[in-house]
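Read through the structure below, which is laid out as structure tokens, and then see the notes.
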Amino acid sequence: MPFIDLESNLPESTFSEDFLKKPCSKTAAVLGKPEERMMLVVKPGLPMLMGGTCAPCVILSVSAIGVTDTAEKNKEHGANIFPFLTGELGLTEDRVVIRFYPLEAHQVGKKGTVMSYL
């Protein structure tokens, strides 16, 4: 069950329902995870400073079980996610940061238990 958190100083109007479906679909494909398991939270309109400027920017955090646990995997994931974000949001690569967090199945709860028991 991958979790995606997108934080941005872009206005809320940037993130329509149609947009919300796109990063879920793209990230699911990149991670090799089922789309119906994706979780996305978008936090728009935040006061943000990146590289000394408040120009539009995004921090994307990706947490997942078994696919974000090595530099090699994350390098490949980033190479596939960056062009999507820059294209969809009209940002340059220097205005996008992606953080990858590895999760273990026992760290994710669902249906009254943890993923390692589902």
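In the structure tokens, chains take letters A, B, ... by order of appearance, with residues numbered from 1 within each chain and ligands from 1 in the order shown.
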
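Using only C-alpha atoms, the protein and nucleic acid residues lying no more than 10 Å from A:Glu12, apart from those fewer than 4 places from it along its own chain, are A:Ser8, A:Ser16, A:Val42, A:Lys43, A:Pro44, A:Gly45, A:Leu46.
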
Set the distance at 12 Å and use only C-alpha atoms: which residues neighbour A:Pro34 once local chain neighbours fewer than 5 positions away are removed? I'd like the list as a PyMOL selection string.
chain A and resi 1-2+24-29+39+64

Near stretch 65-76 of chain A, counting only C-alpha atoms, which residues have an atom at most 8 Å away, once you skip same-chain residues fewer than 2 positions from it, shown as an NGL selection string?
:A and (1-2 or 31 or 62-63 or 78-80 or 100-105)

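Atom pair atom CA of A:Val96 / atom CA of A:Ile59: separated by 5.9 Å.
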
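Atom CA of A:Asp18 is found 11.4 Å from atom CA of A:Glu88.
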
Taking the chain letters and numbering used in this document, name the residues of stretch 59-115 of chain A that DSSP puts in strand (DSSP E or B), as a PDB file with all heavy atoms, in the first residue's frame.
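Writing done, so here's part.pdb:
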```
ATOM      1  N   ILE A  59       7.265  19.079  -3.136  1.00  0.00           N
ATOM      2  CA  ILE A  59       7.978  18.004  -2.460  1.00  0.00           C
ATOM      3  C   ILE A  59       7.046  16.802  -2.497  1.00  0.00           C
ATOM      4  O   ILE A  59       5.917  16.865  -2.011  1.00  0.00           O
ATOM      5  CB  ILE A  59       8.321  18.345  -0.995  1.00  0.00           C
ATOM      6  CG1 ILE A  59       9.235  19.563  -0.929  1.00  0.00           C
ATOM      7  CG2 ILE A  59       8.971  17.137  -0.314  1.00  0.00           C
ATOM      8  CD1 ILE A  59       9.481  20.058   0.485  1.00  0.00           C
ATOM      9  N   LEU A  60       7.510  15.733  -3.102  1.00  0.00           N
ATOM     10  CA  LEU A  60       6.732  14.503  -3.199  1.00  0.00           C
ATOM     11  C   LEU A  60       7.393  13.457  -2.307  1.00  0.00           C
ATOM     12  O   LEU A  60       8.592  13.200  -2.431  1.00  0.00           O
ATOM     13  CB  LEU A  60       6.702  13.998  -4.643  1.00  0.00           C
ATOM     14  CG  LEU A  60       5.786  12.801  -4.891  1.00  0.00           C
ATOM     15  CD1 LEU A  60       4.321  13.257  -4.965  1.00  0.00           C
ATOM     16  CD2 LEU A  60       6.171  12.088  -6.175  1.00  0.00           C
ATOM     17  N   SER A  61       6.624  12.879  -1.395  1.00  0.00           N
ATOM     18  CA  SER A  61       7.125  11.805  -0.541  1.00  0.00           C
ATOM     19  C   SER A  61       6.438  10.512  -0.947  1.00  0.00           C
ATOM     20  O   SER A  61       5.213  10.475  -1.063  1.00  0.00           O
ATOM     21  CB  SER A  61       6.832  12.109   0.929  1.00  0.00           C
ATOM     22  OG  SER A  61       7.471  13.305   1.321  1.00  0.00           O
ATOM     23  N   VAL A  62       7.237   9.486  -1.175  1.00  0.00           N
ATOM     24  CA  VAL A  62       6.726   8.180  -1.591  1.00  0.00           C
ATOM     25  C   VAL A  62       7.165   7.155  -0.554  1.00  0.00           C
ATOM     26  O   VAL A  62       8.360   6.946  -0.340  1.00  0.00           O
ATOM     27  CB  VAL A  62       7.254   7.781  -2.984  1.00  0.00           C
ATOM     28  CG1 VAL A  62       6.711   6.418  -3.390  1.00  0.00           C
ATOM     29  CG2 VAL A  62       6.912   8.842  -4.019  1.00  0.00           C
ATOM     30  N   SER A  63       6.194   6.534   0.100  1.00  0.00           N
ATOM     31  CA  SER A  63       6.457   5.490   1.089  1.00  0.00           C
ATOM     32  C   SER A  63       5.809   4.211   0.601  1.00  0.00           C
ATOM     33  O   SER A  63       4.628   4.207   0.255  1.00  0.00           O
ATOM     34  CB  SER A  63       5.857   5.870   2.449  1.00  0.00           C
ATOM     35  OG  SER A  63       6.291   7.139   2.862  1.00  0.00           O
ATOM     36  N   ALA A  64       6.590   3.121   0.580  1.00  0.00           N
ATOM     37  CA  ALA A  64       6.043   1.869   0.053  1.00  0.00           C
ATOM     38  C   ALA A  64       6.795   0.672   0.624  1.00  0.00           C
ATOM     39  O   ALA A  64       7.935   0.796   1.078  1.00  0.00           O
ATOM     40  CB  ALA A  64       6.125   1.861  -1.468  1.00  0.00           C
ATOM     41  N   ILE A  65       6.141  -0.468   0.560  1.00  0.00           N
ATOM     42  CA  ILE A  65       6.709  -1.721   1.045  1.00  0.00           C
ATOM     43  C   ILE A  65       7.483  -2.397  -0.091  1.00  0.00           C
ATOM     44  O   ILE A  65       6.930  -2.667  -1.156  1.00  0.00           O
ATOM     45  CB  ILE A  65       5.599  -2.662   1.555  1.00  0.00           C
ATOM     46  CG1 ILE A  65       4.853  -2.022   2.733  1.00  0.00           C
ATOM     47  CG2 ILE A  65       6.170  -4.030   1.947  1.00  0.00           C
ATOM     48  CD1 ILE A  65       3.581  -2.746   3.137  1.00  0.00           C
ATOM     49  N   VAL A  96      11.425  20.527  -7.962  1.00  0.00           N
ATOM     50  CA  VAL A  96      10.767  19.293  -7.504  1.00  0.00           C
ATOM     51  C   VAL A  96      11.767  18.476  -6.701  1.00  0.00           C
ATOM     52  O   VAL A  96      12.896  18.256  -7.134  1.00  0.00           O
ATOM     53  CB  VAL A  96      10.260  18.454  -8.702  1.00  0.00           C
ATOM     54  CG1 VAL A  96       9.648  17.149  -8.220  1.00  0.00           C
ATOM     55  CG2 VAL A  96       9.257  19.240  -9.536  1.00  0.00           C
ATOM     56  N   VAL A  97      11.347  18.031  -5.531  1.00  0.00           N
ATOM     57  CA  VAL A  97      12.150  17.131  -4.702  1.00  0.00           C
ATOM     58  C   VAL A  97      11.293  15.914  -4.393  1.00  0.00           C
ATOM     59  O   VAL A  97      10.107  16.051  -4.072  1.00  0.00           O
ATOM     60  CB  VAL A  97      12.599  17.814  -3.385  1.00  0.00           C
ATOM     61  CG1 VAL A  97      13.264  16.819  -2.448  1.00  0.00           C
ATOM     62  CG2 VAL A  97      13.531  18.976  -3.667  1.00  0.00           C
ATOM     63  N   ILE A  98      11.897  14.743  -4.505  1.00  0.00           N
ATOM     64  CA  ILE A  98      11.190  13.504  -4.162  1.00  0.00           C
ATOM     65  C   ILE A  98      11.938  12.831  -3.008  1.00  0.00           C
ATOM     66  O   ILE A  98      13.163  12.660  -3.072  1.00  0.00           O
ATOM     67  CB  ILE A  98      11.109  12.533  -5.358  1.00  0.00           C
ATOM     68  CG1 ILE A  98      10.421  13.196  -6.545  1.00  0.00           C
ATOM     69  CG2 ILE A  98      10.357  11.258  -4.948  1.00  0.00           C
ATOM     70  CD1 ILE A  98      10.412  12.341  -7.813  1.00  0.00           C
ATOM     71  N   ARG A  99      11.182  12.469  -1.978  1.00  0.00           N
ATOM     72  CA  ARG A  99      11.744  11.722  -0.846  1.00  0.00           C
ATOM     73  C   ARG A  99      11.151  10.323  -0.870  1.00  0.00           C
ATOM     74  O   ARG A  99       9.932  10.174  -0.988  1.00  0.00           O
ATOM     75  CB  ARG A  99      11.399  12.402   0.480  1.00  0.00           C
ATOM     76  CG  ARG A  99      12.009  13.773   0.617  1.00  0.00           C
ATOM     77  CD  ARG A  99      11.719  14.383   1.966  1.00  0.00           C
ATOM     78  NE  ARG A  99      10.286  14.668   2.066  1.00  0.00           N
ATOM     79  CZ  ARG A  99       9.748  15.429   3.011  1.00  0.00           C
ATOM     80  NH1 ARG A  99      10.492  15.961   3.940  1.00  0.00           N
ATOM     81  NH2 ARG A  99       8.454  15.646   3.032  1.00  0.00           N
ATOM     82  N   PHE A 100      12.008   9.325  -0.746  1.00  0.00           N
ATOM     83  CA  PHE A 100      11.560   7.936  -0.731  1.00  0.00           C
ATOM     84  C   PHE A 100      11.735   7.366   0.668  1.00  0.00           C
ATOM     85  O   PHE A 100      12.791   7.522   1.276  1.00  0.00           O
ATOM     86  CB  PHE A 100      12.369   7.093  -1.726  1.00  0.00           C
ATOM     87  CG  PHE A 100      12.171   7.514  -3.158  1.00  0.00           C
ATOM     88  CD1 PHE A 100      13.099   8.327  -3.801  1.00  0.00           C
ATOM     89  CD2 PHE A 100      11.058   7.092  -3.866  1.00  0.00           C
ATOM     90  CE1 PHE A 100      12.929   8.711  -5.124  1.00  0.00           C
ATOM     91  CE2 PHE A 100      10.867   7.481  -5.193  1.00  0.00           C
ATOM     92  CZ  PHE A 100      11.814   8.289  -5.810  1.00  0.00           C
ATOM     93  N   TYR A 101      10.684   6.686   1.147  1.00  0.00           N
ATOM     94  CA  TYR A 101      10.717   6.065   2.462  1.00  0.00           C
ATOM     95  C   TYR A 101      10.353   4.587   2.339  1.00  0.00           C
ATOM     96  O   TYR A 101       9.260   4.257   1.868  1.00  0.00           O
ATOM     97  CB  TYR A 101       9.709   6.735   3.407  1.00  0.00           C
ATOM     98  CG  TYR A 101      10.004   8.184   3.693  1.00  0.00           C
ATOM     99  CD1 TYR A 101       9.321   9.191   3.020  1.00  0.00           C
ATOM    100  CD2 TYR A 101      10.946   8.539   4.636  1.00  0.00           C
ATOM    101  CE1 TYR A 101       9.586  10.530   3.283  1.00  0.00           C
ATOM    102  CE2 TYR A 101      11.218   9.878   4.914  1.00  0.00           C
ATOM    103  CZ  TYR A 101      10.531  10.866   4.234  1.00  0.00           C
ATOM    104  OH  TYR A 101      10.786  12.186   4.500  1.00  0.00           O
ATOM    105  N   PRO A 102      11.254   3.704   2.767  1.00  0.00           N
ATOM    106  CA  PRO A 102      10.906   2.275   2.740  1.00  0.00           C
ATOM    107  C   PRO A 102      10.022   1.932   3.935  1.00  0.00           C
ATOM    108  O   PRO A 102      10.225   2.448   5.035  1.00  0.00           O
ATOM    109  CB  PRO A 102      12.264   1.582   2.842  1.00  0.00           C
ATOM    110  CG  PRO A 102      13.134   2.555   3.582  1.00  0.00           C
ATOM    111  CD  PRO A 102      12.630   3.933   3.187  1.00  0.00           C
ATOM    112  N   LEU A 103       9.039   1.098   3.692  1.00  0.00           N
ATOM    113  CA  LEU A 103       8.161   0.625   4.763  1.00  0.00           C
ATOM    114  C   LEU A 103       8.267  -0.892   4.866  1.00  0.00           C
ATOM    115  O   LEU A 103       8.530  -1.566   3.873  1.00  0.00           O
ATOM    116  CB  LEU A 103       6.699   0.985   4.476  1.00  0.00           C
ATOM    117  CG  LEU A 103       6.317   2.454   4.503  1.00  0.00           C
ATOM    118  CD1 LEU A 103       4.864   2.622   4.056  1.00  0.00           C
ATOM    119  CD2 LEU A 103       6.512   3.040   5.886  1.00  0.00           C
ATOM    120  N   GLY A 109      -1.063  -0.491   8.865  1.00  0.00           N
ATOM    121  CA  GLY A 109      -2.268  -1.128   9.378  1.00  0.00           C
ATOM    122  C   GLY A 109      -3.443  -0.978   8.434  1.00  0.00           C
ATOM    123  O   GLY A 109      -3.610   0.058   7.793  1.00  0.00           O
ATOM    124  N   LYS A 110      -4.230  -2.052   8.323  1.00  0.00           N
ATOM    125  CA  LYS A 110      -5.434  -2.024   7.497  1.00  0.00           C
ATOM    126  C   LYS A 110      -6.358  -3.145   7.969  1.00  0.00           C
ATOM    127  O   LYS A 110      -5.902  -4.220   8.313  1.00  0.00           O
ATOM    128  CB  LYS A 110      -5.078  -2.211   6.015  1.00  0.00           C
ATOM    129  CG  LYS A 110      -6.275  -2.038   5.095  1.00  0.00           C
ATOM    130  CD  LYS A 110      -5.865  -2.062   3.647  1.00  0.00           C
ATOM    131  CE  LYS A 110      -7.107  -1.874   2.795  1.00  0.00           C
ATOM    132  NZ  LYS A 110      -6.821  -1.945   1.382  1.00  0.00           N
ATOM    133  N   THR A 113      -5.667  -4.948  11.313  1.00  0.00           N
ATOM    134  CA  THR A 113      -4.425  -5.693  11.500  1.00  0.00           C
ATOM    135  C   THR A 113      -3.322  -4.978  10.738  1.00  0.00           C
ATOM    136  O   THR A 113      -3.469  -3.807  10.390  1.00  0.00           O
ATOM    137  CB  THR A 113      -4.592  -7.177  11.024  1.00  0.00           C
ATOM    138  OG1 THR A 113      -3.411  -7.899  11.376  1.00  0.00           O
ATOM    139  CG2 THR A 113      -4.895  -7.275   9.562  1.00  0.00           C
ATOM    140  N   VAL A 114      -2.222  -5.625  10.499  1.00  0.00           N
ATOM    141  CA  VAL A 114      -1.149  -5.033   9.719  1.00  0.00           C
ATOM    142  C   VAL A 114      -0.966  -5.820   8.417  1.00  0.00           C
ATOM    143  O   VAL A 114      -1.393  -6.976   8.319  1.00  0.00           O
ATOM    144  CB  VAL A 114       0.187  -4.966  10.508  1.00  0.00           C
ATOM    145  CG1 VAL A 114       0.073  -3.981  11.652  1.00  0.00           C
ATOM    146  CG2 VAL A 114       0.612  -6.333  10.998  1.00  0.00           C
TER     147      VAL A 114
END
```

Distance atom CA of A:Asn9-atom CA of A:Val58, one decimal place?
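Separation of atom CA of A:Asn9 and atom CA of A:Val58: 7.2 Å.
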
Where in chain A does DSSP assign alpha helix (DSSP H), given as a VMD selection string?
chain A and resid 17 to 31 71 to 89

How would the residues just chosen look if you wrote them out with N, CA and C atoms as a compact mmCIF listing (two decimals), in the first residue's frame?
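Contents of the output file selection27.txt:
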```txt
# COMPACT_ATOMS: atom_id res chain seq x y z
N GLU A 17 -9.68 16.88 -9.36
CA GLU A 17 -9.88 15.45 -9.16
C GLU A 17 -9.20 14.65 -10.27
N ASP A 18 -9.28 15.16 -11.50
CA ASP A 18 -8.60 14.50 -12.61
C ASP A 18 -7.09 14.44 -12.37
N PHE A 19 -6.54 15.54 -11.88
CA PHE A 19 -5.10 15.55 -11.59
C PHE A 19 -4.77 14.51 -10.53
N LEU A 20 -5.57 14.42 -9.47
CA LEU A 20 -5.28 13.50 -8.37
C LEU A 20 -5.14 12.06 -8.85
N LYS A 21 -5.91 11.69 -9.83
CA LYS A 21 -5.85 10.32 -10.34
C LYS A 21 -4.54 10.05 -11.10
N LYS A 22 -4.00 11.08 -11.74
CA LYS A 22 -2.80 10.91 -12.56
C LYS A 22 -1.56 10.51 -11.77
N PRO A 23 -1.21 11.20 -10.66
CA PRO A 23 -0.02 10.76 -9.93
C PRO A 23 -0.19 9.39 -9.29
N CYS A 24 -1.42 9.04 -8.92
CA CYS A 24 -1.66 7.70 -8.38
C CYS A 24 -1.38 6.65 -9.44
N SER A 25 -1.91 6.87 -10.61
CA SER A 25 -1.74 5.94 -11.72
C SER A 25 -0.27 5.84 -12.12
N LYS A 26 0.38 6.98 -12.27
CA LYS A 26 1.78 7.01 -12.69
C LYS A 26 2.67 6.33 -11.66
N THR A 27 2.50 6.68 -10.39
CA THR A 27 3.35 6.12 -9.34
C THR A 27 3.09 4.63 -9.18
N ALA A 28 1.86 4.19 -9.29
CA ALA A 28 1.55 2.76 -9.23
C ALA A 28 2.30 2.02 -10.32
N ALA A 29 2.28 2.55 -11.53
CA ALA A 29 2.98 1.92 -12.65
C ALA A 29 4.48 1.89 -12.41
N VAL A 30 5.03 3.00 -11.94
CA VAL A 30 6.48 3.09 -11.70
C VAL A 30 6.91 2.10 -10.61
N LEU A 31 6.11 1.99 -9.55
CA LEU A 31 6.46 1.11 -8.43
C LEU A 31 6.07 -0.34 -8.66
N ALA A 71 19.02 2.56 -3.23
CA ALA A 71 19.34 3.73 -4.05
C ALA A 71 19.07 3.44 -5.52
N GLU A 72 19.37 2.24 -5.96
CA GLU A 72 19.16 1.88 -7.37
C GLU A 72 17.69 1.95 -7.75
N LYS A 73 16.83 1.39 -6.91
CA LYS A 73 15.39 1.44 -7.18
C LYS A 73 14.89 2.87 -7.19
N ASN A 74 15.30 3.65 -6.21
CA ASN A 74 14.81 5.02 -6.10
C ASN A 74 15.33 5.92 -7.22
N LYS A 75 16.54 5.64 -7.69
CA LYS A 75 17.06 6.39 -8.85
C LYS A 75 16.17 6.15 -10.07
N GLU A 76 15.79 4.89 -10.27
CA GLU A 76 14.91 4.55 -11.40
C GLU A 76 13.51 5.16 -11.21
N HIS A 77 12.98 5.06 -9.99
CA HIS A 77 11.66 5.64 -9.71
C HIS A 77 11.67 7.14 -9.98
N GLY A 78 12.70 7.81 -9.46
CA GLY A 78 12.81 9.26 -9.64
C GLY A 78 12.90 9.65 -11.10
N ALA A 79 13.66 8.89 -11.88
CA ALA A 79 13.81 9.17 -13.31
C ALA A 79 12.48 9.07 -14.05
N ASN A 80 11.56 8.25 -13.53
CA ASN A 80 10.25 8.11 -14.16
C ASN A 80 9.21 9.09 -13.61
N ILE A 81 9.37 9.49 -12.37
CA ILE A 81 8.39 10.38 -11.73
C ILE A 81 8.66 11.86 -12.05
N PHE A 82 9.95 12.26 -12.09
CA PHE A 82 10.28 13.67 -12.34
C PHE A 82 9.65 14.21 -13.62
N PRO A 83 9.81 13.53 -14.76
CA PRO A 83 9.22 14.08 -15.99
C PRO A 83 7.70 14.23 -15.91
N PHE A 84 7.05 13.31 -15.21
CA PHE A 84 5.60 13.40 -15.03
C PHE A 84 5.25 14.66 -14.26
N LEU A 85 5.89 14.87 -13.11
CA LEU A 85 5.57 16.03 -12.27
C LEU A 85 5.90 17.34 -12.97
N THR A 86 7.06 17.40 -13.60
CA THR A 86 7.43 18.66 -14.26
C THR A 86 6.48 18.95 -15.42
N GLY A 87 6.09 17.92 -16.15
CA GLY A 87 5.17 18.11 -17.27
C GLY A 87 3.77 18.49 -16.84
N GLU A 88 3.26 17.81 -15.85
CA GLU A 88 1.89 18.07 -15.38
C GLU A 88 1.76 19.41 -14.66
N LEU A 89 2.80 19.80 -13.93
CA LEU A 89 2.70 21.01 -13.11
C LEU A 89 3.45 22.20 -13.70
```

Applying 9 Å and only C-alpha atoms, which residues near A:Pro56 remain after dropping the ones on its own chain fewer than 6 positions away? List them as a list in words.
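Selected residues are Ser8, Asn9, Leu10, Met48, Leu49, Met50, Leu91 and Arg95 of chain A.
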